[in-house]
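The structure file protein_15.cif is reproduced below (mmCIF, C-alpha atoms and all ligand atoms).
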```
data_upload
loop_
_atom_site.label_atom_id
_atom_site.label_comp_id
_atom_site.auth_asym_id
_atom_site.auth_seq_id
_atom_site.Cartn_x
_atom_site.Cartn_y
_atom_site.Cartn_z
CA LEU A 1 49.89 -44.88 85.75
CA SER A 2 53.59 -45.60 86.12
CA GLU A 3 52.89 -49.33 86.21
CA ARG A 4 50.41 -49.21 83.37
CA PHE A 5 52.55 -47.17 81.02
CA GLY A 6 56.02 -48.15 82.17
CA LEU A 7 56.81 -44.62 83.35
CA ASP A 8 58.42 -43.13 86.39
CA LEU A 9 55.83 -40.53 87.40
CA LYS A 10 56.20 -38.72 90.72
CA PRO A 11 53.52 -36.97 92.82
CA ASP A 12 54.84 -33.69 91.39
CA ASN A 13 53.64 -34.74 87.94
CA ILE A 14 50.01 -34.87 89.12
CA ALA A 15 47.40 -32.29 90.07
CA VAL A 16 44.18 -33.72 91.51
CA THR A 17 41.30 -31.62 90.18
CA ALA A 18 37.57 -31.07 90.45
CA GLY A 19 36.74 -33.59 87.74
CA GLY A 20 38.06 -33.65 84.20
CA THR A 21 36.23 -30.34 83.75
CA PHE A 22 38.58 -28.35 85.98
CA ALA A 23 41.55 -30.37 84.72
CA VAL A 24 40.86 -29.01 81.21
CA TYR A 25 40.13 -25.48 82.46
CA GLY A 26 43.25 -25.30 84.64
CA SER A 27 45.41 -26.70 81.84
CA ILE A 28 44.19 -24.13 79.30
CA GLU A 29 44.95 -21.43 81.82
CA ALA A 30 48.35 -22.91 82.67
CA VAL A 31 49.84 -23.15 79.19
CA THR A 32 48.20 -20.35 77.17
CA GLY A 33 47.86 -16.59 77.52
CA LEU A 34 45.22 -14.02 76.65
CA GLY A 35 44.46 -13.98 72.92
CA ASP A 36 46.33 -17.23 72.16
CA GLU A 37 44.84 -19.67 69.68
CA VAL A 38 43.61 -23.06 70.85
CA ILE A 39 42.70 -25.77 68.33
CA VAL A 40 39.41 -27.50 69.14
CA ILE A 41 38.40 -30.46 66.99
CA GLU A 42 34.67 -30.68 66.34
CA PRO A 43 32.38 -32.42 66.94
CA ALA A 44 33.57 -31.71 70.49
CA TRP A 45 32.56 -31.79 74.12
CA PRO A 46 31.02 -28.28 74.30
CA LEU A 47 33.05 -27.08 77.28
CA TYR A 48 36.36 -26.93 75.38
CA ALA A 49 35.39 -23.94 73.22
CA HIS A 50 33.39 -22.42 76.06
CA GLN A 51 36.32 -22.57 78.50
CA VAL A 52 38.74 -21.26 75.87
CA ARG A 53 36.51 -18.21 75.23
CA TRP A 54 35.78 -17.72 78.93
CA LEU A 55 39.51 -17.48 79.58
CA GLY A 56 39.98 -14.88 76.82
CA ARG A 57 41.75 -17.28 74.44
CA ARG A 58 40.59 -17.87 70.86
CA PRO A 59 39.24 -21.25 69.75
CA LYS A 60 40.30 -22.28 66.27
CA ILE A 61 37.64 -24.77 65.29
CA ILE A 62 38.36 -27.75 63.06
CA LYS A 63 35.25 -29.39 61.66
CA THR A 64 35.96 -33.07 61.05
CA ARG A 65 33.58 -35.01 58.83
CA PHE A 66 31.58 -38.22 59.08
CA GLU A 67 32.67 -39.05 55.49
CA ASP A 68 36.35 -38.95 56.56
CA ASN A 69 35.67 -41.09 59.63
CA TRP A 70 36.26 -37.95 61.73
CA ASP A 71 39.95 -37.86 60.83
CA PRO A 72 41.57 -34.61 62.08
CA VAL A 73 45.23 -34.91 61.05
CA ASN A 74 45.20 -33.14 57.66
CA MET A 75 42.85 -30.47 58.97
CA ILE A 76 45.13 -29.70 61.91
CA GLN A 77 48.03 -29.39 59.50
CA GLU A 78 46.01 -26.89 57.43
CA LYS A 79 44.81 -24.77 60.37
CA VAL A 80 47.79 -24.69 62.71
CA SER A 81 49.72 -21.42 62.84
CA ARG A 82 52.43 -19.67 64.83
CA LEU A 83 49.62 -18.28 67.03
CA THR A 84 48.51 -21.78 68.02
CA LYS A 85 49.57 -22.46 71.60
CA LEU A 86 47.47 -25.53 72.36
CA ILE A 87 45.82 -28.43 70.52
CA ILE A 88 43.06 -30.23 72.43
CA LEU A 89 42.63 -33.92 71.61
CA ASN A 90 39.94 -36.23 72.96
CA TYR A 91 40.29 -39.91 72.06
CA PRO A 92 38.32 -42.10 72.63
CA ASN A 93 36.00 -39.29 71.57
CA ASN A 94 32.84 -37.78 72.93
CA PRO A 95 30.56 -37.67 70.90
CA THR A 96 31.78 -39.72 67.90
CA GLY A 97 33.22 -42.74 69.70
CA ARG A 98 36.24 -42.50 67.37
CA VAL A 99 39.62 -43.75 68.57
CA LEU A 100 42.73 -42.38 66.84
CA ASP A 101 45.54 -44.83 66.17
CA GLU A 102 49.08 -44.31 67.37
CA ARG A 103 50.31 -43.22 63.94
CA SER A 104 47.80 -40.36 63.75
CA ILE A 105 48.56 -39.20 67.30
CA ARG A 106 52.27 -39.25 66.50
CA ALA A 107 51.58 -37.16 63.38
CA ILE A 108 49.73 -34.60 65.53
CA ILE A 109 52.58 -34.53 68.07
CA GLU A 110 54.96 -33.78 65.20
CA ILE A 111 52.81 -30.88 63.99
CA ALA A 112 52.61 -29.50 67.56
CA GLU A 113 56.37 -29.76 67.96
CA ASP A 114 56.95 -27.94 64.65
CA TYR A 115 54.84 -25.02 65.90
CA GLY A 116 55.91 -25.10 69.55
CA ALA A 117 52.32 -25.82 70.64
CA TRP A 118 51.16 -27.82 73.65
CA ILE A 119 48.92 -30.88 73.38
CA LEU A 120 46.18 -31.48 75.91
CA SER A 121 44.99 -35.05 75.59
CA ASP A 122 41.65 -35.52 77.33
CA GLU A 123 41.65 -39.26 78.01
CA VAL A 124 38.67 -39.53 80.33
CA TYR A 125 37.40 -42.43 78.16
CA MET A 126 40.81 -44.09 77.95
CA ASP A 127 39.56 -47.37 79.41
CA PHE A 128 36.57 -47.51 77.05
CA CYS A 129 38.60 -48.48 74.02
CA TYR A 130 37.16 -51.24 71.81
CA ARG A 131 39.76 -51.41 69.06
CA ASP A 132 43.49 -51.95 68.99
CA GLY A 133 46.06 -49.31 68.33
CA PHE A 134 45.28 -46.57 70.87
CA GLU A 135 48.11 -45.24 72.99
CA SER A 136 47.93 -42.67 75.75
CA ILE A 137 49.81 -39.45 75.12
CA LEU A 138 51.75 -40.40 78.24
CA LYS A 139 53.46 -43.10 76.22
CA LEU A 140 53.93 -41.03 73.08
CA GLY A 141 54.29 -37.48 74.27
CA THR A 142 57.56 -35.78 74.84
CA GLU A 143 57.61 -32.25 76.17
CA ARG A 144 54.62 -29.91 76.27
CA THR A 145 51.95 -32.55 76.81
CA ILE A 146 49.17 -32.72 79.36
CA MET A 147 47.02 -35.76 79.97
CA VAL A 148 43.62 -35.25 81.58
CA ASN A 149 41.69 -38.00 83.28
CA SER A 150 38.67 -38.44 85.55
CA PHE A 151 36.98 -40.83 87.93
CA SER A 152 33.61 -39.94 86.37
CA LYS A 153 33.75 -42.50 83.58
CA THR A 154 35.74 -45.64 84.43
CA TRP A 155 34.16 -45.83 87.88
CA GLY A 156 30.99 -43.85 87.12
CA MET A 157 31.82 -41.47 90.01
CA THR A 158 30.54 -38.37 88.20
CA GLY A 159 29.00 -36.80 91.31
CA PHE A 160 32.25 -37.04 93.30
CA ARG A 161 33.86 -34.40 91.04
CA VAL A 162 37.38 -35.77 90.98
CA GLY A 163 39.91 -36.04 88.17
CA TYR A 164 43.54 -35.20 87.51
CA VAL A 165 46.17 -33.75 85.25
CA VAL A 166 49.47 -35.43 84.39
CA SER A 167 52.25 -33.20 83.08
CA ASP A 168 55.67 -31.85 83.94
CA PRO A 169 55.97 -30.64 87.56
CA GLU A 170 55.82 -26.95 86.64
CA THR A 171 52.62 -27.30 84.62
CA ALA A 172 50.97 -29.57 87.21
CA ALA A 173 51.80 -26.95 89.87
CA ARG A 174 50.26 -24.18 87.76
CA VAL A 175 47.03 -26.18 87.41
CA ALA A 176 47.02 -26.82 91.16
CA ARG A 177 47.54 -23.10 91.84
CA ALA A 178 44.60 -22.13 89.61
CA GLN A 179 42.46 -24.58 91.52
CA ASN A 180 43.72 -23.46 94.97
CA THR A 181 42.72 -19.93 94.05
CA ALA A 182 39.21 -20.97 93.08
CA ILE A 183 38.25 -23.81 95.45
CA THR A 184 41.23 -24.58 97.77
CA CYS A 185 41.32 -28.32 97.07
CA ILE A 186 39.34 -31.48 96.46
CA PRO A 187 37.78 -32.58 99.77
CA GLU A 188 39.89 -35.24 101.50
CA PHE A 189 37.04 -37.76 101.75
CA VAL A 190 36.51 -37.48 97.98
CA GLN A 191 40.21 -38.15 97.39
CA ARG A 192 39.93 -41.20 99.68
CA ALA A 193 36.99 -42.47 97.63
CA ALA A 194 39.10 -42.03 94.49
CA LEU A 195 41.93 -44.00 96.10
CA ALA A 196 39.50 -46.80 96.94
CA ALA A 197 38.32 -46.79 93.31
CA LEU A 198 41.90 -47.16 92.05
CA ASN A 199 42.11 -50.39 94.03
CA ASP A 200 38.82 -51.68 92.62
CA GLU A 201 39.87 -52.91 89.22
CA GLU A 202 37.01 -55.39 89.07
CA SER A 203 34.30 -52.67 89.03
CA ALA A 204 36.20 -50.79 86.34
CA ARG A 205 36.54 -53.92 84.20
CA ARG A 206 32.82 -54.70 84.55
CA ASN A 207 31.86 -51.14 83.64
CA VAL A 208 34.01 -51.18 80.51
CA GLU A 209 32.61 -54.55 79.43
CA LEU A 210 29.03 -53.39 80.02
CA ILE A 211 29.44 -50.21 77.99
CA GLY A 212 31.08 -52.17 75.15
CA MET A 213 28.12 -54.57 75.06
CA ARG A 214 25.64 -51.67 75.03
CA LEU A 215 27.52 -49.91 72.22
CA ARG A 216 27.21 -53.06 70.13
CA ILE A 217 23.46 -53.13 70.82
CA LEU A 218 23.12 -49.46 69.84
CA TYR A 219 24.99 -50.10 66.60
CA GLU A 220 22.95 -53.18 65.76
CA GLU A 221 19.57 -51.59 66.59
CA LEU A 222 20.16 -48.22 64.91
CA SER A 223 21.61 -49.84 61.76
CA ARG A 224 18.16 -51.33 61.16
CA SER A 225 16.79 -47.97 60.01
CA ARG A 226 17.35 -46.94 56.38
CA LEU A 227 17.43 -43.29 57.54
CA ILE A 228 20.07 -43.67 60.24
CA GLU A 229 23.72 -44.03 59.23
CA VAL A 230 26.05 -45.38 61.91
CA ARG A 231 29.72 -46.25 62.15
CA PRO A 232 30.82 -49.17 64.31
CA PRO A 233 31.71 -47.65 67.69
CA GLU A 234 35.40 -47.80 68.59
CA GLY A 235 35.35 -46.29 72.07
CA ALA A 236 33.90 -43.95 74.71
CA MET A 237 30.24 -44.50 75.63
CA TYR A 238 28.42 -42.89 72.74
CA ILE A 239 27.25 -43.38 69.22
CA PHE A 240 26.84 -40.37 66.89
CA PRO A 241 24.70 -41.42 63.93
CA ARG A 242 23.88 -39.24 60.94
CA ILE A 243 20.19 -38.85 60.20
CA ASN A 244 19.58 -38.80 56.48
CA VAL A 245 16.42 -36.72 56.46
CA GLU A 246 16.25 -33.48 54.46
CA GLY A 247 16.16 -30.41 56.76
CA PHE A 248 16.68 -32.46 59.93
CA ASP A 249 16.96 -30.30 63.08
CA SER A 250 18.61 -32.17 65.95
CA TRP A 251 17.26 -29.84 68.68
CA ARG A 252 13.67 -30.04 67.45
CA PHE A 253 13.97 -33.83 67.09
CA ALA A 254 15.50 -34.25 70.57
CA TRP A 255 12.65 -32.30 72.20
CA LYS A 256 10.01 -34.25 70.28
CA LEU A 257 11.67 -37.55 71.18
CA LEU A 258 11.72 -36.60 74.85
CA GLU A 259 8.18 -35.26 75.01
CA GLU A 260 6.44 -37.79 72.78
CA LYS A 261 8.48 -40.97 73.28
CA GLY A 262 10.13 -40.42 76.69
CA VAL A 263 13.68 -40.93 75.36
CA ALA A 264 16.51 -38.49 76.20
CA ILE A 265 19.40 -37.98 73.78
CA ALA A 266 21.72 -35.04 73.02
CA PRO A 267 21.21 -33.04 69.79
CA GLY A 268 24.20 -33.24 67.44
CA ALA A 269 24.29 -29.42 67.23
CA CYS A 270 25.46 -29.30 70.89
CA PHE A 271 28.82 -30.56 69.64
CA GLY A 272 29.20 -28.01 66.83
CA GLN A 273 26.85 -26.10 64.52
CA SER A 274 27.73 -28.34 61.56
CA TYR A 275 26.34 -31.47 63.18
CA ASN A 276 22.65 -30.62 63.23
CA ASN A 277 21.86 -33.83 61.33
CA HIS A 278 23.45 -36.01 64.04
CA LEU A 279 22.31 -37.33 67.40
CA ARG A 280 24.44 -38.39 70.34
CA ILE A 281 23.09 -41.44 72.08
CA SER A 282 24.65 -42.67 75.33
CA ALA A 283 25.17 -46.35 76.15
CA VAL A 284 23.79 -45.99 79.66
CA LEU A 285 20.71 -48.24 79.72
CA ASP A 286 20.39 -51.96 80.32
CA GLU A 287 19.81 -54.16 77.29
CA LYS A 288 16.01 -54.34 77.34
CA PRO A 289 15.23 -50.61 77.80
CA LEU A 290 18.10 -49.79 75.42
CA ARG A 291 16.60 -51.89 72.62
CA GLU A 292 13.18 -50.32 73.29
CA ALA A 293 14.70 -46.79 73.24
CA CYS A 294 16.31 -47.58 69.87
CA ARG A 295 12.97 -48.79 68.53
CA ARG A 296 11.40 -45.47 69.59
CA ILE A 297 14.25 -43.48 68.04
CA ARG A 298 13.80 -45.36 64.74
CA GLU A 299 10.06 -44.75 64.88
CA ALA A 300 10.52 -41.04 65.68
CA VAL A 301 12.94 -40.61 62.75
CA GLU A 302 10.43 -42.24 60.39
CA GLU A 303 7.66 -39.96 61.70
CA TYR A 304 9.90 -36.87 61.38
CA CYS A 305 10.23 -37.35 57.59
C1 LIG B 1 35.41 -35.47 76.79
C2 LIG B 1 35.09 -35.12 78.19
N1 LIG B 1 36.02 -34.53 78.94
C3 LIG B 1 35.81 -34.20 80.22
C4 LIG B 1 34.58 -34.46 80.81
C5 LIG B 1 34.42 -34.02 82.23
O1 LIG B 1 34.08 -34.99 83.09
P1 LIG B 1 34.12 -34.75 84.67
O2 LIG B 1 34.27 -33.29 84.92
O3 LIG B 1 32.85 -35.30 85.19
O4 LIG B 1 35.31 -35.52 85.13
C6 LIG B 1 33.56 -35.06 80.07
C7 LIG B 1 32.25 -35.32 80.65
O5 LIG B 1 31.29 -35.63 80.02
C8 LIG B 1 33.83 -35.41 78.73
O6 LIG B 1 32.91 -36.02 77.96
#
```

The structure in this file should be written as structure tokens.
Amino acid sequence: LSERFGLDLKPDNIAVTAGGTFAVYGSIEAVTGLGDEVIVIEPAWPLYAHQVRWLGRRPKIIKTRFEDNWDPVNMIQEKVSRLTKLIILNYPNNPTGRVLDERSIRAIIEIAEDYGAWILSDEVYMDFCYRDGFESILKLGTERTIMVNSFSKTWGMTGFRVGYVVSDPETAARVARAQNTAITCIPEFVQRAALAALNDEESARRNVELIGMRLRILYEELSRSRLIEVRPPEGAMYIFPRINVEGFDSWRFAWKLLEEKGVAIAPGACFGQSYNNHLRISAVLDEKPLREACRRIREAVEEYC
């Protein structure tokens, strides 16, 4: 990270965690207290709001819109308050694939600084960035920032359950303490596997290229339907189209698609109640089955009308 971002990070700045999942959980616990407000930008990875509530903090939900290209900056400005202790960002984003440019991230940092809030930047899809202009919070952040990362995405090591937090030494130690209390540590052999992955840049590069190619296929194939509205994917490994069918129910559709067409996707409503007319489709199949899955999705949408 020091090499990549021109920083001088020390081991004290890092806590190795049980995946990005515990990195987020431990960070929320480390920098907020009971009853504090945490800004969660929807559509969002469902565990943010769940973890915030589980820890007795209060999620303040911001509902970004497809029409605004999922832009959160003005909405954060409207919703932030003196009770806000943490703003959770996730770019490149799951589920929208949106990547925020440096200017927008700087604007959010300014808002956080004005209110004395922390920023947690979940950058587990950092390497899956298919447009210019993204900068890690590590390069932009000043004080009160936490960067979360994982080996689950770049190296596809989801089952190893290993990730990390980068912050100031005190915050990293607090995250490590929360984890020690719950699970002692990440098994040594898993940490060795993660070290080996760090030295395998070739696999990471191939993975990123492959996902980028699949995202382009998803965009091209789904754009062929008059009922499916898609934005060109900018990052992460997902596409989050809007389905322009009156009364569309993403859960009902997802079950039907699975049972009748054998295709698994995530209902948009998983990422926030307001997104019931969206679907999240992952770029995880090879070209041929991916094109066939898209054909079945198009067909199922037509039949749903
Ligand atoms: C945005 C985001 N953050 C964190 C995670 C957690 O990943 P893991 O716990 O496997 O590292 C995920 C997994 O899907 C995710 O999409």

Query raised in the report: If we count only C-alpha atoms, what is near region 25-34 of chain A at a cut-off of 9 Å, once residues fewer than 2 positions away on the same chain are taken out, given as number ranges by chain?
Result: A: 17, 20-23, 36-38, 47-48, 51-52, 55-58, 85-86, 118, 120, 144, 146, 148, 165, 171-179

Using only C-alpha atoms, please write the residues we just selected to a file, as a short mmCIF file (atom, residue, chain, number, x, y, z; two decimals), in the frame of the given file.
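Writing the result to result38.cif gives the following:
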```cif
data_model
loop_
_atom_site.label_atom_id
_atom_site.label_comp_id
_atom_site.auth_asym_id
_atom_site.auth_seq_id
_atom_site.Cartn_x
_atom_site.Cartn_y
_atom_site.Cartn_z
CA THR A 17 41.30 -31.62 90.18
CA GLY A 20 38.06 -33.65 84.20
CA THR A 21 36.23 -30.34 83.75
CA PHE A 22 38.58 -28.35 85.98
CA ALA A 23 41.55 -30.37 84.72
CA ASP A 36 46.33 -17.23 72.16
CA GLU A 37 44.84 -19.67 69.68
CA VAL A 38 43.61 -23.06 70.85
CA LEU A 47 33.05 -27.08 77.28
CA TYR A 48 36.36 -26.93 75.38
CA GLN A 51 36.32 -22.57 78.50
CA VAL A 52 38.74 -21.26 75.87
CA LEU A 55 39.51 -17.48 79.58
CA GLY A 56 39.98 -14.88 76.82
CA ARG A 57 41.75 -17.28 74.44
CA ARG A 58 40.59 -17.87 70.86
CA LYS A 85 49.57 -22.46 71.60
CA LEU A 86 47.47 -25.53 72.36
CA TRP A 118 51.16 -27.82 73.65
CA LEU A 120 46.18 -31.48 75.91
CA ARG A 144 54.62 -29.91 76.27
CA ILE A 146 49.17 -32.72 79.36
CA VAL A 148 43.62 -35.25 81.58
CA VAL A 165 46.17 -33.75 85.25
CA THR A 171 52.62 -27.30 84.62
CA ALA A 172 50.97 -29.57 87.21
CA ALA A 173 51.80 -26.95 89.87
CA ARG A 174 50.26 -24.18 87.76
CA VAL A 175 47.03 -26.18 87.41
CA ALA A 176 47.02 -26.82 91.16
CA ARG A 177 47.54 -23.10 91.84
CA ALA A 178 44.60 -22.13 89.61
CA GLN A 179 42.46 -24.58 91.52
#
```

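As for CA of Thr145 (chain A) and CA of Ile119 (chain A), they are spaced 4.9 Å apart.
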
Report task. Can you pull out every residue within 7 Å of Leu227 (chain A), counting only C-alpha atoms, but drop anything in the same chain fewer than 2 positions away, and send it as JSON, numbers by chain? Result -> {"A": [225, 229, 243, 244, 245]}

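Proximity ranking of A:Arg205, A:Arg226, A:Arg214, A:Arg280 relative to Trp251 (chain A) places A:Arg280 first, based on all atoms listed in the file.
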
With ligand LIG 1 (chain B) as the partner and 7 Å as the cut-off, tabulate the residues of chain A that qualify, each row holding the nearest pair of atoms and their distance in Å to one decimal, using all atoms listed in the file, sorted by chain and rising number, as a tab-separated table.
```
residue	atom	partner	partner_atom	distance
A:Ala18	CA	B:LIG1	O2	6.8
A:Gly19	CA	B:LIG1	O4	3.5
A:Gly20	CA	B:LIG1	O4	3.5
A:Thr21	CA	B:LIG1	O2	3.7
A:Phe22	CA	B:LIG1	O2	6.6
A:Trp45	CA	B:LIG1	C1	5.4
A:Asn90	CA	B:LIG1	C1	6.0
A:Asn93	CA	B:LIG1	C1	6.5
A:Asn94	CA	B:LIG1	C1	5.2
A:Asp122	CA	B:LIG1	N1	5.9
A:Val124	CA	B:LIG1	N1	5.8
A:Ser150	CA	B:LIG1	O4	4.5
A:Phe151	CA	B:LIG1	O4	6.2
A:Ser152	CA	B:LIG1	O3	4.8
A:Thr158	CA	B:LIG1	O3	4.9
A:Arg161	CA	B:LIG1	O3	6.0
A:Val162	CA	B:LIG1	O4	6.2
A:Gly163	CA	B:LIG1	O4	5.5
```

Suppose we keep C-alpha atoms; can you now write the selection as a CSV table (one decimal), in the frame of the given file?
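Result saved to out.csv:
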```csv
chain,number,residue,atom,x,y,z
A,18,ALA,CA,37.6,-31.1,90.4
A,19,GLY,CA,36.7,-33.6,87.7
A,20,GLY,CA,38.1,-33.6,84.2
A,21,THR,CA,36.2,-30.3,83.8
A,22,PHE,CA,38.6,-28.4,86.0
A,45,TRP,CA,32.6,-31.8,74.1
A,90,ASN,CA,39.9,-36.2,73.0
A,93,ASN,CA,36.0,-39.3,71.6
A,94,ASN,CA,32.8,-37.8,72.9
A,122,ASP,CA,41.6,-35.5,77.3
A,124,VAL,CA,38.7,-39.5,80.3
A,150,SER,CA,38.7,-38.4,85.6
A,151,PHE,CA,37.0,-40.8,87.9
A,152,SER,CA,33.6,-39.9,86.4
A,158,THR,CA,30.5,-38.4,88.2
A,161,ARG,CA,33.9,-34.4,91.0
A,162,VAL,CA,37.4,-35.8,91.0
A,163,GLY,CA,39.9,-36.0,88.2
```

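Of the residues under consideration (A:Leu100, A:Val263, A:Leu258, A:Ile41), A:Val263 shows the shortest atom-to-atom contact distance to Pro289 (chain A) when counting all atoms listed in the file.
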
Report task. Determine the nearest neighbour of Glu102 (chain A) from the options A:Lys139, A:Asn74, A:Trp155, A:Tyr115, counting all atoms listed in the file. Result -> A:Lys139

Query - For Gly116 (chain A), the nearest of the candidates A:Asn180, A:Thr84, A:Thr154, A:Ser136, counting all atoms listed in the file - result: A:Thr84

Taking 3 positions as the minimum chain separation for residues in the same chain, which residues sit within 9 Å of Leu215 (chain A) when counting only C-alpha atoms? Answer as a JSON list (two decimals) with C-alpha atoms, keeping the file's coordinate frame.
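The file below, result10.json, is the result:
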```json
[["chain", "number", "residue", "atom", "x", "y", "z"],
["A", 210, "LEU", "CA", 29.03, -53.39, 80.02],
["A", 211, "ILE", "CA", 29.44, -50.21, 77.99],
["A", 212, "GLY", "CA", 31.08, -52.17, 75.15],
["A", 218, "LEU", "CA", 23.12, -49.46, 69.84],
["A", 219, "TYR", "CA", 24.99, -50.10, 66.60],
["A", 220, "GLU", "CA", 22.95, -53.18, 65.76],
["A", 232, "PRO", "CA", 30.82, -49.17, 64.31],
["A", 233, "PRO", "CA", 31.71, -47.65, 67.69],
["A", 234, "GLU", "CA", 35.40, -47.80, 68.59],
["A", 235, "GLY", "CA", 35.35, -46.29, 72.07],
["A", 237, "MET", "CA", 30.24, -44.50, 75.63],
["A", 238, "TYR", "CA", 28.42, -42.89, 72.74],
["A", 239, "ILE", "CA", 27.25, -43.38, 69.22],
["A", 282, "SER", "CA", 24.65, -42.67, 75.33],
["A", 283, "ALA", "CA", 25.17, -46.35, 76.15]]
```

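Remark: for Phe5 (chain A), the closest of the candidate residues A:Pro46, A:Ile105, A:Glu135, A:Arg98 is A:Glu135 (distances computed over all atoms listed in the file).
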
Query raised in the report: Do you have the CA of Lys79 (chain A)-CA of Gly133 (chain A) distance handy?
Result: 25.8 Å

**Report entry** Using all atoms listed in the file: which of A:Gly247, A:Val230, A:Tyr275, A:Arg296 has the shortest distance to Lys261 (chain A)
**Finding:** A:Arg296

Report task. Give me, please, the distance in Å between CA of Ala15 (chain A) and CA of Ala194 (chain A), quoted to one decimal. Result -> 13.5 Å

Assuming 5 Å of padding per side, give the centre and edge lengths of the axis-aligned box around every listed atom of region 217-230 of chain A, in Å to one decimal and as AutoDock Vina command-line options.
```
--center_x 21.4 --center_y -48.2 --center_z 63.6 --size_x 19.3 --size_y 19.9 --size_z 24.4
```

Could you pull region 123-134 of chain A out of the structure just shown and give N, CA, C and O atoms as a PDB file, in the first residue's frame?
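The result, stored in part_26.pdb:
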```
ATOM      1  N   GLU A 123     -13.182  -0.191   0.343  1.00  0.00           N
ATOM      2  CA  GLU A 123     -12.583  -0.227  -1.000  1.00  0.00           C
ATOM      3  C   GLU A 123     -12.269  -1.650  -1.434  1.00  0.00           C
ATOM      4  O   GLU A 123     -11.264  -1.912  -2.103  1.00  0.00           O
ATOM      5  N   VAL A 124     -13.158  -2.585  -1.060  1.00  0.00           N
ATOM      6  CA  VAL A 124     -12.885  -3.985  -1.421  1.00  0.00           C
ATOM      7  C   VAL A 124     -12.859  -4.194  -2.941  1.00  0.00           C
ATOM      8  O   VAL A 124     -12.266  -5.157  -3.419  1.00  0.00           O
ATOM      9  N   TYR A 125     -13.499  -3.260  -3.698  1.00  0.00           N
ATOM     10  CA  TYR A 125     -13.471  -3.380  -5.171  1.00  0.00           C
ATOM     11  C   TYR A 125     -12.493  -2.392  -5.810  1.00  0.00           C
ATOM     12  O   TYR A 125     -12.586  -2.100  -7.005  1.00  0.00           O
ATOM     13  N   MET A 126     -11.583  -1.881  -5.005  1.00  0.00           N
ATOM     14  CA  MET A 126     -10.646  -0.854  -5.459  1.00  0.00           C
ATOM     15  C   MET A 126      -9.947  -1.204  -6.781  1.00  0.00           C
ATOM     16  O   MET A 126      -9.732  -0.350  -7.634  1.00  0.00           O
ATOM     17  N   ASP A 127      -9.585  -2.468  -6.950  1.00  0.00           N
ATOM     18  CA  ASP A 127      -8.849  -2.833  -8.172  1.00  0.00           C
ATOM     19  C   ASP A 127      -9.766  -2.942  -9.390  1.00  0.00           C
ATOM     20  O   ASP A 127      -9.310  -2.914 -10.524  1.00  0.00           O
ATOM     21  N   PHE A 128     -11.077  -3.082  -9.132  1.00  0.00           N
ATOM     22  CA  PHE A 128     -12.026  -3.266 -10.232  1.00  0.00           C
ATOM     23  C   PHE A 128     -12.587  -1.901 -10.638  1.00  0.00           C
ATOM     24  O   PHE A 128     -13.764  -1.613 -10.457  1.00  0.00           O
ATOM     25  N   CYS A 129     -11.725  -1.067 -11.160  1.00  0.00           N
ATOM     26  CA  CYS A 129     -12.097   0.299 -11.481  1.00  0.00           C
ATOM     27  C   CYS A 129     -11.891   0.485 -12.979  1.00  0.00           C
ATOM     28  O   CYS A 129     -10.768   0.366 -13.457  1.00  0.00           O
ATOM     29  N   TYR A 130     -12.976   0.761 -13.720  1.00  0.00           N
ATOM     30  CA  TYR A 130     -12.879   0.800 -15.176  1.00  0.00           C
ATOM     31  C   TYR A 130     -13.100   2.201 -15.746  1.00  0.00           C
ATOM     32  O   TYR A 130     -13.562   2.366 -16.858  1.00  0.00           O
ATOM     33  N   ARG A 131     -12.843   3.199 -14.922  1.00  0.00           N
ATOM     34  CA  ARG A 131     -12.842   4.585 -15.427  1.00  0.00           C
ATOM     35  C   ARG A 131     -11.745   5.334 -14.679  1.00  0.00           C
ATOM     36  O   ARG A 131     -11.269   4.904 -13.626  1.00  0.00           O
ATOM     37  N   ASP A 132     -11.365   6.471 -15.245  1.00  0.00           N
ATOM     38  CA  ASP A 132     -10.317   7.258 -14.586  1.00  0.00           C
ATOM     39  C   ASP A 132     -10.919   8.078 -13.449  1.00  0.00           C
ATOM     40  O   ASP A 132     -12.120   8.280 -13.381  1.00  0.00           O
ATOM     41  N   GLY A 133     -10.052   8.554 -12.608  1.00  0.00           N
ATOM     42  CA  GLY A 133     -10.495   9.575 -11.655  1.00  0.00           C
ATOM     43  C   GLY A 133     -10.752   9.071 -10.253  1.00  0.00           C
ATOM     44  O   GLY A 133     -11.079   9.870  -9.376  1.00  0.00           O
ATOM     45  N   PHE A 134     -10.627   7.752 -10.006  1.00  0.00           N
ATOM     46  CA  PHE A 134     -10.858   7.270  -8.638  1.00  0.00           C
ATOM     47  C   PHE A 134      -9.567   7.339  -7.837  1.00  0.00           C
ATOM     48  O   PHE A 134      -8.501   7.010  -8.335  1.00  0.00           O
TER      49      PHE A 134
END
```
